[in-house]
>>> print(open('coords39.txt').read())   # compact mmCIF, N, CA and C atoms
# COMPACT_ATOMS: atom_id res chain seq x y z
N MET A 1 13.61 -16.45 23.10
CA MET A 1 14.51 -17.47 23.62
C MET A 1 15.48 -17.88 22.51
N PRO A 2 16.78 -17.88 22.83
CA PRO A 2 17.77 -18.23 21.79
C PRO A 2 17.68 -19.70 21.41
N ASP A 3 17.97 -19.97 20.15
CA ASP A 3 17.95 -21.36 19.70
C ASP A 3 19.20 -22.10 20.18
N THR A 4 19.21 -23.40 19.96
CA THR A 4 20.29 -24.26 20.45
C THR A 4 21.63 -23.89 19.82
N SER A 5 21.62 -23.57 18.54
CA SER A 5 22.86 -23.22 17.85
C SER A 5 23.49 -21.96 18.45
N GLN A 6 22.65 -21.00 18.75
CA GLN A 6 23.14 -19.75 19.33
C GLN A 6 23.69 -20.00 20.74
N ARG A 7 23.07 -20.90 21.48
CA ARG A 7 23.58 -21.24 22.81
C ARG A 7 24.95 -21.90 22.74
N TRP A 8 25.14 -22.77 21.74
CA TRP A 8 26.44 -23.44 21.58
C TRP A 8 27.52 -22.44 21.20
N ARG A 9 27.16 -21.48 20.35
CA ARG A 9 28.14 -20.45 19.97
C ARG A 9 28.50 -19.59 21.17
N LEU A 10 27.53 -19.26 21.98
CA LEU A 10 27.79 -18.49 23.20
C LEU A 10 28.64 -19.30 24.17
N ALA A 11 28.34 -20.58 24.31
CA ALA A 11 29.15 -21.45 25.18
C ALA A 11 30.57 -21.58 24.65
N GLY A 12 30.74 -21.61 23.34
CA GLY A 12 32.07 -21.66 22.74
C GLY A 12 32.86 -20.40 23.02
N MET A 13 32.19 -19.25 22.96
CA MET A 13 32.87 -17.99 23.28
C MET A 13 33.29 -17.95 24.75
N ILE A 14 32.44 -18.44 25.62
CA ILE A 14 32.77 -18.47 27.04
C ILE A 14 33.94 -19.41 27.29
N ALA A 15 33.91 -20.58 26.67
CA ALA A 15 34.99 -21.56 26.85
C ALA A 15 36.32 -21.00 26.31
N ALA A 16 36.28 -20.36 25.16
CA ALA A 16 37.50 -19.78 24.60
C ALA A 16 38.05 -18.66 25.48
N THR A 17 37.15 -17.90 26.08
CA THR A 17 37.58 -16.84 26.99
C THR A 17 38.27 -17.42 28.22
N VAL A 18 37.72 -18.49 28.75
CA VAL A 18 38.33 -19.14 29.92
C VAL A 18 39.71 -19.70 29.55
N VAL A 19 39.81 -20.33 28.40
CA VAL A 19 41.10 -20.89 27.96
C VAL A 19 42.14 -19.79 27.82
N TRP A 20 41.77 -18.66 27.21
CA TRP A 20 42.75 -17.59 27.04
C TRP A 20 43.07 -16.89 28.35
N ALA A 21 42.14 -16.90 29.29
CA ALA A 21 42.45 -16.34 30.62
C ALA A 21 43.49 -17.20 31.34
N VAL A 22 43.35 -18.51 31.23
CA VAL A 22 44.33 -19.42 31.82
C VAL A 22 45.68 -19.27 31.11
N MET A 23 45.65 -19.17 29.79
CA MET A 23 46.89 -19.01 29.03
C MET A 23 47.55 -17.65 29.32
N ALA A 24 46.75 -16.64 29.67
CA ALA A 24 47.33 -15.34 30.04
C ALA A 24 48.14 -15.48 31.32
N ALA A 25 47.66 -16.30 32.24
CA ALA A 25 48.42 -16.53 33.47
C ALA A 25 49.74 -17.24 33.17
N PHE A 26 49.70 -18.24 32.30
CA PHE A 26 50.94 -18.91 31.91
C PHE A 26 51.85 -17.97 31.12
N GLY A 27 51.26 -17.12 30.31
CA GLY A 27 52.04 -16.14 29.56
C GLY A 27 52.72 -15.13 30.46
N ALA A 28 52.04 -14.75 31.54
CA ALA A 28 52.66 -13.82 32.50
C ALA A 28 53.82 -14.51 33.21
N LEU A 29 53.68 -15.78 33.50
CA LEU A 29 54.77 -16.54 34.11
C LEU A 29 55.94 -16.67 33.13
N ALA A 30 55.64 -16.94 31.88
CA ALA A 30 56.69 -17.03 30.86
C ALA A 30 57.38 -15.69 30.65
N CYS A 31 56.64 -14.62 30.85
CA CYS A 31 57.20 -13.27 30.72
C CYS A 31 58.32 -13.05 31.74
N ILE A 32 58.18 -13.64 32.91
CA ILE A 32 59.20 -13.51 33.94
C ILE A 32 60.50 -14.18 33.50
N PHE A 33 60.39 -15.31 32.83
CA PHE A 33 61.56 -16.06 32.41
C PHE A 33 62.05 -15.68 31.01
N SER A 34 61.43 -14.73 30.37
CA SER A 34 61.79 -14.38 28.99
C SER A 34 63.22 -13.88 28.82
N PRO A 35 63.85 -13.22 29.78
CA PRO A 35 65.25 -12.81 29.55
C PRO A 35 66.22 -13.98 29.40
N LEU A 36 65.78 -15.18 29.74
CA LEU A 36 66.65 -16.34 29.58
C LEU A 36 66.94 -16.65 28.11
N ILE A 37 66.22 -16.01 27.21
CA ILE A 37 66.48 -16.17 25.78
C ILE A 37 67.90 -15.74 25.45
N PHE A 38 68.43 -14.78 26.21
CA PHE A 38 69.74 -14.22 25.92
C PHE A 38 70.88 -14.90 26.68
N ASP A 39 70.64 -16.04 27.29
CA ASP A 39 71.68 -16.72 28.04
C ASP A 39 72.81 -17.25 27.16
N ARG A 40 72.49 -17.72 25.99
CA ARG A 40 73.53 -18.26 25.11
C ARG A 40 74.33 -17.11 24.49
N PRO A 41 75.65 -17.24 24.45
CA PRO A 41 76.47 -16.19 23.84
C PRO A 41 76.07 -15.96 22.38
N GLY A 42 75.97 -14.72 22.00
CA GLY A 42 75.61 -14.36 20.63
C GLY A 42 74.14 -14.03 20.46
N ASN A 43 73.29 -14.47 21.39
CA ASN A 43 71.86 -14.19 21.25
C ASN A 43 71.52 -12.72 21.49
N LEU A 44 72.40 -12.01 22.16
CA LEU A 44 72.13 -10.59 22.39
C LEU A 44 72.12 -9.80 21.08
N MET A 45 72.86 -10.26 20.11
CA MET A 45 72.91 -9.59 18.80
C MET A 45 72.02 -10.27 17.75
N ASN A 46 71.27 -11.26 18.15
CA ASN A 46 70.41 -12.01 17.23
C ASN A 46 69.04 -11.32 17.15
N PRO A 47 68.65 -10.81 15.98
CA PRO A 47 67.36 -10.13 15.88
C PRO A 47 66.17 -11.06 16.12
N LEU A 48 66.31 -12.34 15.80
CA LEU A 48 65.21 -13.27 16.07
C LEU A 48 65.03 -13.50 17.56
N ALA A 49 66.10 -13.40 18.33
CA ALA A 49 65.97 -13.51 19.78
C ALA A 49 65.18 -12.32 20.33
N TRP A 50 65.46 -11.14 19.78
CA TRP A 50 64.71 -9.96 20.22
C TRP A 50 63.24 -10.05 19.80
N LEU A 51 62.98 -10.58 18.60
CA LEU A 51 61.60 -10.76 18.15
C LEU A 51 60.88 -11.77 19.03
N SER A 52 61.55 -12.86 19.38
CA SER A 52 60.92 -13.85 20.25
C SER A 52 60.68 -13.28 21.64
N LEU A 53 61.58 -12.42 22.13
CA LEU A 53 61.36 -11.75 23.40
C LEU A 53 60.11 -10.88 23.33
N LEU A 54 59.98 -10.11 22.27
CA LEU A 54 58.81 -9.26 22.10
C LEU A 54 57.52 -10.08 22.03
N LEU A 55 57.55 -11.17 21.28
CA LEU A 55 56.36 -12.01 21.16
C LEU A 55 56.01 -12.68 22.49
N LEU A 56 57.03 -13.10 23.23
CA LEU A 56 56.79 -13.77 24.50
C LEU A 56 56.28 -12.80 25.56
N VAL A 57 56.85 -11.62 25.59
CA VAL A 57 56.44 -10.64 26.60
C VAL A 57 55.02 -10.13 26.35
N THR A 58 54.63 -10.02 25.09
CA THR A 58 53.30 -9.49 24.78
C THR A 58 52.22 -10.57 24.64
N PHE A 59 52.59 -11.83 24.77
CA PHE A 59 51.59 -12.89 24.60
C PHE A 59 50.46 -12.78 25.62
N TRP A 60 50.78 -12.52 26.87
CA TRP A 60 49.73 -12.45 27.89
C TRP A 60 48.81 -11.25 27.64
N ILE A 61 49.35 -10.19 27.05
CA ILE A 61 48.51 -9.04 26.75
C ILE A 61 47.52 -9.39 25.63
N VAL A 62 48.01 -10.12 24.63
CA VAL A 62 47.13 -10.55 23.54
C VAL A 62 46.05 -11.49 24.06
N CYS A 63 46.41 -12.33 25.04
CA CYS A 63 45.43 -13.26 25.62
C CYS A 63 44.34 -12.53 26.39
N ILE A 64 44.60 -11.32 26.83
CA ILE A 64 43.58 -10.53 27.52
C ILE A 64 42.78 -9.68 26.54
N LEU A 65 43.47 -9.05 25.61
CA LEU A 65 42.79 -8.13 24.69
C LEU A 65 41.95 -8.83 23.62
N ALA A 66 42.40 -9.99 23.16
CA ALA A 66 41.66 -10.68 22.09
C ALA A 66 40.25 -11.10 22.53
N PRO A 67 40.08 -11.74 23.70
CA PRO A 67 38.71 -12.05 24.11
C PRO A 67 37.86 -10.80 24.35
N PHE A 68 38.48 -9.75 24.88
CA PHE A 68 37.73 -8.51 25.09
C PHE A 68 37.19 -7.98 23.76
N GLY A 69 38.08 -7.88 22.78
CA GLY A 69 37.65 -7.42 21.46
C GLY A 69 36.65 -8.36 20.80
N ALA A 70 36.85 -9.66 21.02
CA ALA A 70 35.93 -10.64 20.44
C ALA A 70 34.53 -10.50 21.03
N TRP A 71 34.45 -10.27 22.33
CA TRP A 71 33.13 -10.10 22.95
C TRP A 71 32.44 -8.82 22.48
N VAL A 72 33.21 -7.76 22.28
CA VAL A 72 32.62 -6.51 21.79
C VAL A 72 32.03 -6.74 20.40
N VAL A 73 32.80 -7.40 19.54
CA VAL A 73 32.34 -7.64 18.17
C VAL A 73 31.20 -8.66 18.16
N PHE A 74 31.27 -9.66 19.04
CA PHE A 74 30.21 -10.68 19.12
C PHE A 74 28.88 -10.04 19.51
N ARG A 75 28.92 -9.11 20.45
CA ARG A 75 27.68 -8.46 20.89
C ARG A 75 27.11 -7.55 19.80
N ARG A 76 27.96 -7.12 18.88
CA ARG A 76 27.49 -6.29 17.78
C ARG A 76 26.97 -7.11 16.62
N GLY A 77 27.04 -8.42 16.74
CA GLY A 77 26.46 -9.30 15.73
C GLY A 77 27.40 -9.74 14.63
N GLN A 78 28.67 -9.43 14.73
CA GLN A 78 29.64 -9.85 13.71
C GLN A 78 30.40 -11.06 14.23
N GLU A 79 29.75 -12.20 14.16
CA GLU A 79 30.28 -13.40 14.80
C GLU A 79 31.56 -13.93 14.15
N SER A 80 31.65 -13.88 12.84
CA SER A 80 32.86 -14.39 12.19
C SER A 80 34.08 -13.55 12.56
N LEU A 81 33.91 -12.26 12.67
CA LEU A 81 35.00 -11.39 13.10
C LEU A 81 35.34 -11.64 14.57
N ALA A 82 34.34 -11.97 15.36
CA ALA A 82 34.58 -12.28 16.77
C ALA A 82 35.43 -13.54 16.92
N TRP A 83 35.15 -14.55 16.12
CA TRP A 83 35.96 -15.77 16.19
C TRP A 83 37.36 -15.54 15.65
N ALA A 84 37.50 -14.66 14.68
CA ALA A 84 38.84 -14.32 14.20
C ALA A 84 39.63 -13.60 15.28
N ALA A 85 38.98 -12.72 16.00
CA ALA A 85 39.65 -12.03 17.11
C ALA A 85 40.00 -13.02 18.22
N MET A 86 39.13 -13.97 18.47
CA MET A 86 39.39 -14.96 19.51
C MET A 86 40.55 -15.89 19.13
N ALA A 87 40.82 -16.01 17.84
CA ALA A 87 41.92 -16.87 17.39
C ALA A 87 43.26 -16.14 17.36
N ALA A 88 43.28 -14.85 17.63
CA ALA A 88 44.52 -14.08 17.58
C ALA A 88 45.61 -14.62 18.51
N PRO A 89 45.30 -15.00 19.76
CA PRO A 89 46.36 -15.56 20.60
C PRO A 89 46.93 -16.87 20.06
N LEU A 90 46.10 -17.65 19.40
CA LEU A 90 46.58 -18.90 18.82
C LEU A 90 47.56 -18.60 17.68
N ALA A 91 47.26 -17.62 16.86
CA ALA A 91 48.17 -17.22 15.79
C ALA A 91 49.46 -16.63 16.39
N TRP A 92 49.32 -15.87 17.47
CA TRP A 92 50.49 -15.29 18.15
C TRP A 92 51.39 -16.40 18.68
N LEU A 93 50.78 -17.42 19.26
CA LEU A 93 51.52 -18.55 19.81
C LEU A 93 52.20 -19.34 18.70
N ALA A 94 51.54 -19.51 17.57
CA ALA A 94 52.14 -20.22 16.43
C ALA A 94 53.33 -19.43 15.87
N LEU A 95 53.21 -18.12 15.79
CA LEU A 95 54.31 -17.29 15.33
C LEU A 95 55.48 -17.36 16.31
N LEU A 96 55.18 -17.34 17.59
CA LEU A 96 56.23 -17.46 18.60
C LEU A 96 56.96 -18.79 18.49
N ALA A 97 56.22 -19.87 18.31
CA ALA A 97 56.85 -21.19 18.16
C ALA A 97 57.70 -21.25 16.90
N ALA A 98 57.25 -20.62 15.83
CA ALA A 98 58.03 -20.62 14.59
C ALA A 98 59.33 -19.82 14.76
N VAL A 99 59.26 -18.68 15.42
CA VAL A 99 60.45 -17.85 15.60
C VAL A 99 61.44 -18.51 16.54
N LEU A 100 60.95 -19.15 17.58
CA LEU A 100 61.84 -19.79 18.54
C LEU A 100 62.63 -20.96 17.93
N GLN A 101 62.19 -21.49 16.82
CA GLN A 101 62.92 -22.56 16.15
C GLN A 101 64.26 -22.09 15.63
N PHE A 102 64.38 -20.79 15.38
CA PHE A 102 65.59 -20.25 14.79
C PHE A 102 66.50 -19.54 15.80
N VAL A 103 66.11 -19.55 17.07
CA VAL A 103 66.94 -18.95 18.12
C VAL A 103 67.76 -20.06 18.74
N PRO A 104 69.09 -20.01 18.64
CA PRO A 104 69.90 -21.06 19.26
C PRO A 104 69.78 -21.01 20.77
N GLY A 105 69.69 -22.16 21.36
CA GLY A 105 69.51 -22.13 22.80
C GLY A 105 69.97 -23.33 23.45
>>> encode(input="coords39.txt", output="structure tokens")
Amino acid sequence: MPDTSQRWRLAGMIAATVVWAVMAAFGALACIFSPLIFDRPGNLMNPLAWLSLLLLVTFWIVCILAPFGAWVVFRRGQESLAWAAMAAPLAWLALLAAVLQFVPG
């Protein structure tokens, strides 16, 4: 029978998976509106606009793949690597927010 600490870690992995699944749905919706980045004149030639488009379009994919990879690693007993993989969408989102600061809009 697993101890209480192990149950909390498992519950944390489940909760993080649910959060990223919900964020994947929002990311897919944002993917639909991502071409609006180029509405302002000059953004078509702005490399940061293209980078933000790439980050925005791939965010929902990262939200799906990161929990999958985290669960694979978690089941193999490498819990710290699993939590690092589970944090990948958060880092992706932070990078996207940082890049969008420099895109005029």
>>> select_by_dssp(input="coords39.txt", residues="chain A", states="helix (DSSP H, G or I)", output="VMD selection string")
chain A and resid 4 to 38 43 to 45 47 to 75 79 to 86 88 to 100
>>> residues_around(input="coords39.txt", residues="region 11-15 of chain A", least_positions_apart="3", cutoff="12 Å", atoms="only C-alpha atoms", output="ChimeraX atom specification")
/A:4-8,18-22,66-75,79-80,82-87
>>> closest_residue(input="coords39.txt", among="A:Ala91, A:Val57, A:Leu48, A:Ile64", to="Pro35 (chain A)", atoms="only C-alpha atoms")
A:Val57
>>> closest_residue(input="coords39.txt", among="A:Asp3, A:Leu81, A:Ile61, A:Leu93", to="Ala28 (chain A)", atoms="only C-alpha atoms")
A:Ile61
>>> residues_around(input="coords39.txt", residues="Ile32 (chain A)", least_positions_apart="5", cutoff="8 Å", atoms="only N, CA and C atoms", output="PyMOL selection string")
chain A and resi 26-27+56-57
>>> atom_distance(input="coords39.txt", atom1="atom N of Ala88 (chain A)", atom2="atom N of Leu55 (chain A)")
15.2 Å
>>> closest_residue(input="coords39.txt", among="A:Met23, A:Leu54, A:Ile37, A:Leu29", to="Val103 (chain A)", atoms="all atoms listed in the file")
A:Ile37
>>> atom_distance(input="coords39.txt", atom1="atom N of Ala98 (chain A)", atom2="atom N of Thr17 (chain A)")
22.7 Å
>>> closest_residue(input="coords39.txt", among="A:Gly105, A:Cys63, A:Val99, A:Pro89", to="Ala24 (chain A)", atoms="all atoms listed in the file")
A:Cys63
>>> closest_residue(input="coords39.txt", among="A:Arg9, A:Pro41, A:Asn46, A:Val62", to="Leu90 (chain A)", atoms="all atoms listed in the file")
A:Val62
>>> closest_residue(input="coords39.txt", among="A:Gly42, A:Ser52, A:Cys31, A:Ala25", to="Phe102 (chain A)", atoms="only C-alpha atoms")
A:Ser52
>>> atom_distance(input="coords39.txt", atom1="CA of Ala49 (chain A)", atom2="CA of Leu65 (chain A)")
24.3 Å
>>> build_atoms(input="coords39.txt", residues="region 48-59 of chain A", atoms="all heavy atoms", output="mmCIF file, keeping the file's coordinate frame")
data_model
loop_
_atom_site.group_PDB
_atom_site.id
_atom_site.type_symbol
_atom_site.label_atom_id
_atom_site.label_comp_id
_atom_site.auth_asym_id
_atom_site.auth_seq_id
_atom_site.Cartn_x
_atom_site.Cartn_y
_atom_site.Cartn_z
ATOM 1 N N LEU A 48 66.310 -12.340 15.800
ATOM 2 C CA LEU A 48 65.210 -13.270 16.070
ATOM 3 C C LEU A 48 65.030 -13.500 17.560
ATOM 4 O O LEU A 48 63.919 -13.754 18.017
ATOM 5 C CB LEU A 48 65.438 -14.587 15.330
ATOM 6 C CG LEU A 48 65.234 -14.518 13.823
ATOM 7 C CD1 LEU A 48 65.551 -15.854 13.187
ATOM 8 C CD2 LEU A 48 63.825 -14.095 13.483
ATOM 9 N N ALA A 49 66.100 -13.400 18.330
ATOM 10 C CA ALA A 49 65.970 -13.510 19.780
ATOM 11 C C ALA A 49 65.180 -12.320 20.330
ATOM 12 O O ALA A 49 64.348 -12.474 21.220
ATOM 13 C CB ALA A 49 67.344 -13.595 20.427
ATOM 14 N N TRP A 50 65.460 -11.140 19.780
ATOM 15 C CA TRP A 50 64.710 -9.960 20.220
ATOM 16 C C TRP A 50 63.240 -10.050 19.800
ATOM 17 O O TRP A 50 62.349 -9.654 20.557
ATOM 18 C CB TRP A 50 65.355 -8.698 19.656
ATOM 19 C CG TRP A 50 66.606 -8.348 20.378
ATOM 20 C CD1 TRP A 50 67.881 -8.635 19.989
ATOM 21 C CD2 TRP A 50 66.706 -7.696 21.639
ATOM 22 N NE1 TRP A 50 68.773 -8.183 20.931
ATOM 23 C CE2 TRP A 50 68.083 -7.594 21.952
ATOM 24 C CE3 TRP A 50 65.781 -7.169 22.528
ATOM 25 C CZ2 TRP A 50 68.540 -6.998 23.117
ATOM 26 C CZ3 TRP A 50 66.234 -6.571 23.690
ATOM 27 C CH2 TRP A 50 67.594 -6.489 23.968
ATOM 28 N N LEU A 51 62.980 -10.580 18.600
ATOM 29 C CA LEU A 51 61.600 -10.760 18.150
ATOM 30 C C LEU A 51 60.880 -11.770 19.030
ATOM 31 O O LEU A 51 59.722 -11.565 19.413
ATOM 32 C CB LEU A 51 61.565 -11.213 16.688
ATOM 33 C CG LEU A 51 60.182 -11.457 16.091
ATOM 34 C CD1 LEU A 51 59.343 -10.193 16.120
ATOM 35 C CD2 LEU A 51 60.312 -11.989 14.677
ATOM 36 N N SER A 52 61.550 -12.860 19.380
ATOM 37 C CA SER A 52 60.920 -13.850 20.250
ATOM 38 C C SER A 52 60.680 -13.280 21.640
ATOM 39 O O SER A 52 59.680 -13.585 22.284
ATOM 40 C CB SER A 52 61.754 -15.128 20.325
ATOM 41 O OG SER A 52 63.014 -14.859 20.890
ATOM 42 N N LEU A 53 61.580 -12.420 22.130
ATOM 43 C CA LEU A 53 61.360 -11.750 23.400
ATOM 44 C C LEU A 53 60.110 -10.880 23.330
ATOM 45 O O LEU A 53 59.266 -10.911 24.235
ATOM 46 C CB LEU A 53 62.572 -10.904 23.788
ATOM 47 C CG LEU A 53 62.417 -10.090 25.071
ATOM 48 C CD1 LEU A 53 62.517 -11.000 26.274
ATOM 49 C CD2 LEU A 53 63.444 -8.992 25.134
ATOM 50 N N LEU A 54 59.980 -10.110 22.270
ATOM 51 C CA LEU A 54 58.810 -9.260 22.100
ATOM 52 C C LEU A 54 57.520 -10.080 22.030
ATOM 53 O O LEU A 54 56.522 -9.741 22.684
ATOM 54 C CB LEU A 54 58.961 -8.421 20.825
ATOM 55 C CG LEU A 54 57.777 -7.535 20.478
ATOM 56 C CD1 LEU A 54 57.681 -6.370 21.450
ATOM 57 C CD2 LEU A 54 57.889 -7.037 19.056
ATOM 58 N N LEU A 55 57.550 -11.170 21.280
ATOM 59 C CA LEU A 55 56.360 -12.010 21.160
ATOM 60 C C LEU A 55 56.010 -12.680 22.490
ATOM 61 O O LEU A 55 54.838 -12.793 22.855
ATOM 62 C CB LEU A 55 56.574 -13.080 20.083
ATOM 63 C CG LEU A 55 56.622 -12.578 18.648
ATOM 64 C CD1 LEU A 55 57.051 -13.700 17.719
ATOM 65 C CD2 LEU A 55 55.294 -12.008 18.235
ATOM 66 N N LEU A 56 57.030 -13.100 23.230
ATOM 67 C CA LEU A 56 56.790 -13.770 24.500
ATOM 68 C C LEU A 56 56.280 -12.800 25.560
ATOM 69 O O LEU A 56 55.364 -13.135 26.325
ATOM 70 C CB LEU A 56 58.073 -14.452 24.977
ATOM 71 C CG LEU A 56 57.972 -15.382 26.169
ATOM 72 C CD1 LEU A 56 57.007 -16.516 25.872
ATOM 73 C CD2 LEU A 56 59.335 -15.941 26.503
ATOM 74 N N VAL A 57 56.850 -11.620 25.590
ATOM 75 C CA VAL A 57 56.440 -10.640 26.600
ATOM 76 C C VAL A 57 55.020 -10.130 26.350
ATOM 77 O O VAL A 57 54.273 -9.863 27.275
ATOM 78 C CB VAL A 57 57.456 -9.476 26.644
ATOM 79 C CG1 VAL A 57 56.931 -8.297 27.428
ATOM 80 C CG2 VAL A 57 58.770 -9.952 27.230
ATOM 81 N N THR A 58 54.630 -10.020 25.090
ATOM 82 C CA THR A 58 53.300 -9.490 24.780
ATOM 83 C C THR A 58 52.220 -10.570 24.640
ATOM 84 O O THR A 58 51.056 -10.226 24.435
ATOM 85 C CB THR A 58 53.361 -8.663 23.482
ATOM 86 O OG1 THR A 58 53.884 -9.475 22.440
ATOM 87 C CG2 THR A 58 54.215 -7.423 23.673
ATOM 88 N N PHE A 59 52.590 -11.830 24.770
ATOM 89 C CA PHE A 59 51.590 -12.890 24.600
ATOM 90 C C PHE A 59 50.460 -12.780 25.620
ATOM 91 O O PHE A 59 49.288 -12.931 25.283
ATOM 92 C CB PHE A 59 52.255 -14.272 24.694
ATOM 93 C CG PHE A 59 51.278 -15.408 24.645
ATOM 94 C CD1 PHE A 59 50.585 -15.675 23.483
ATOM 95 C CD2 PHE A 59 51.040 -16.192 25.758
ATOM 96 C CE1 PHE A 59 49.671 -16.711 23.418
ATOM 97 C CE2 PHE A 59 50.131 -17.222 25.702
ATOM 98 C CZ PHE A 59 49.444 -17.490 24.535
#
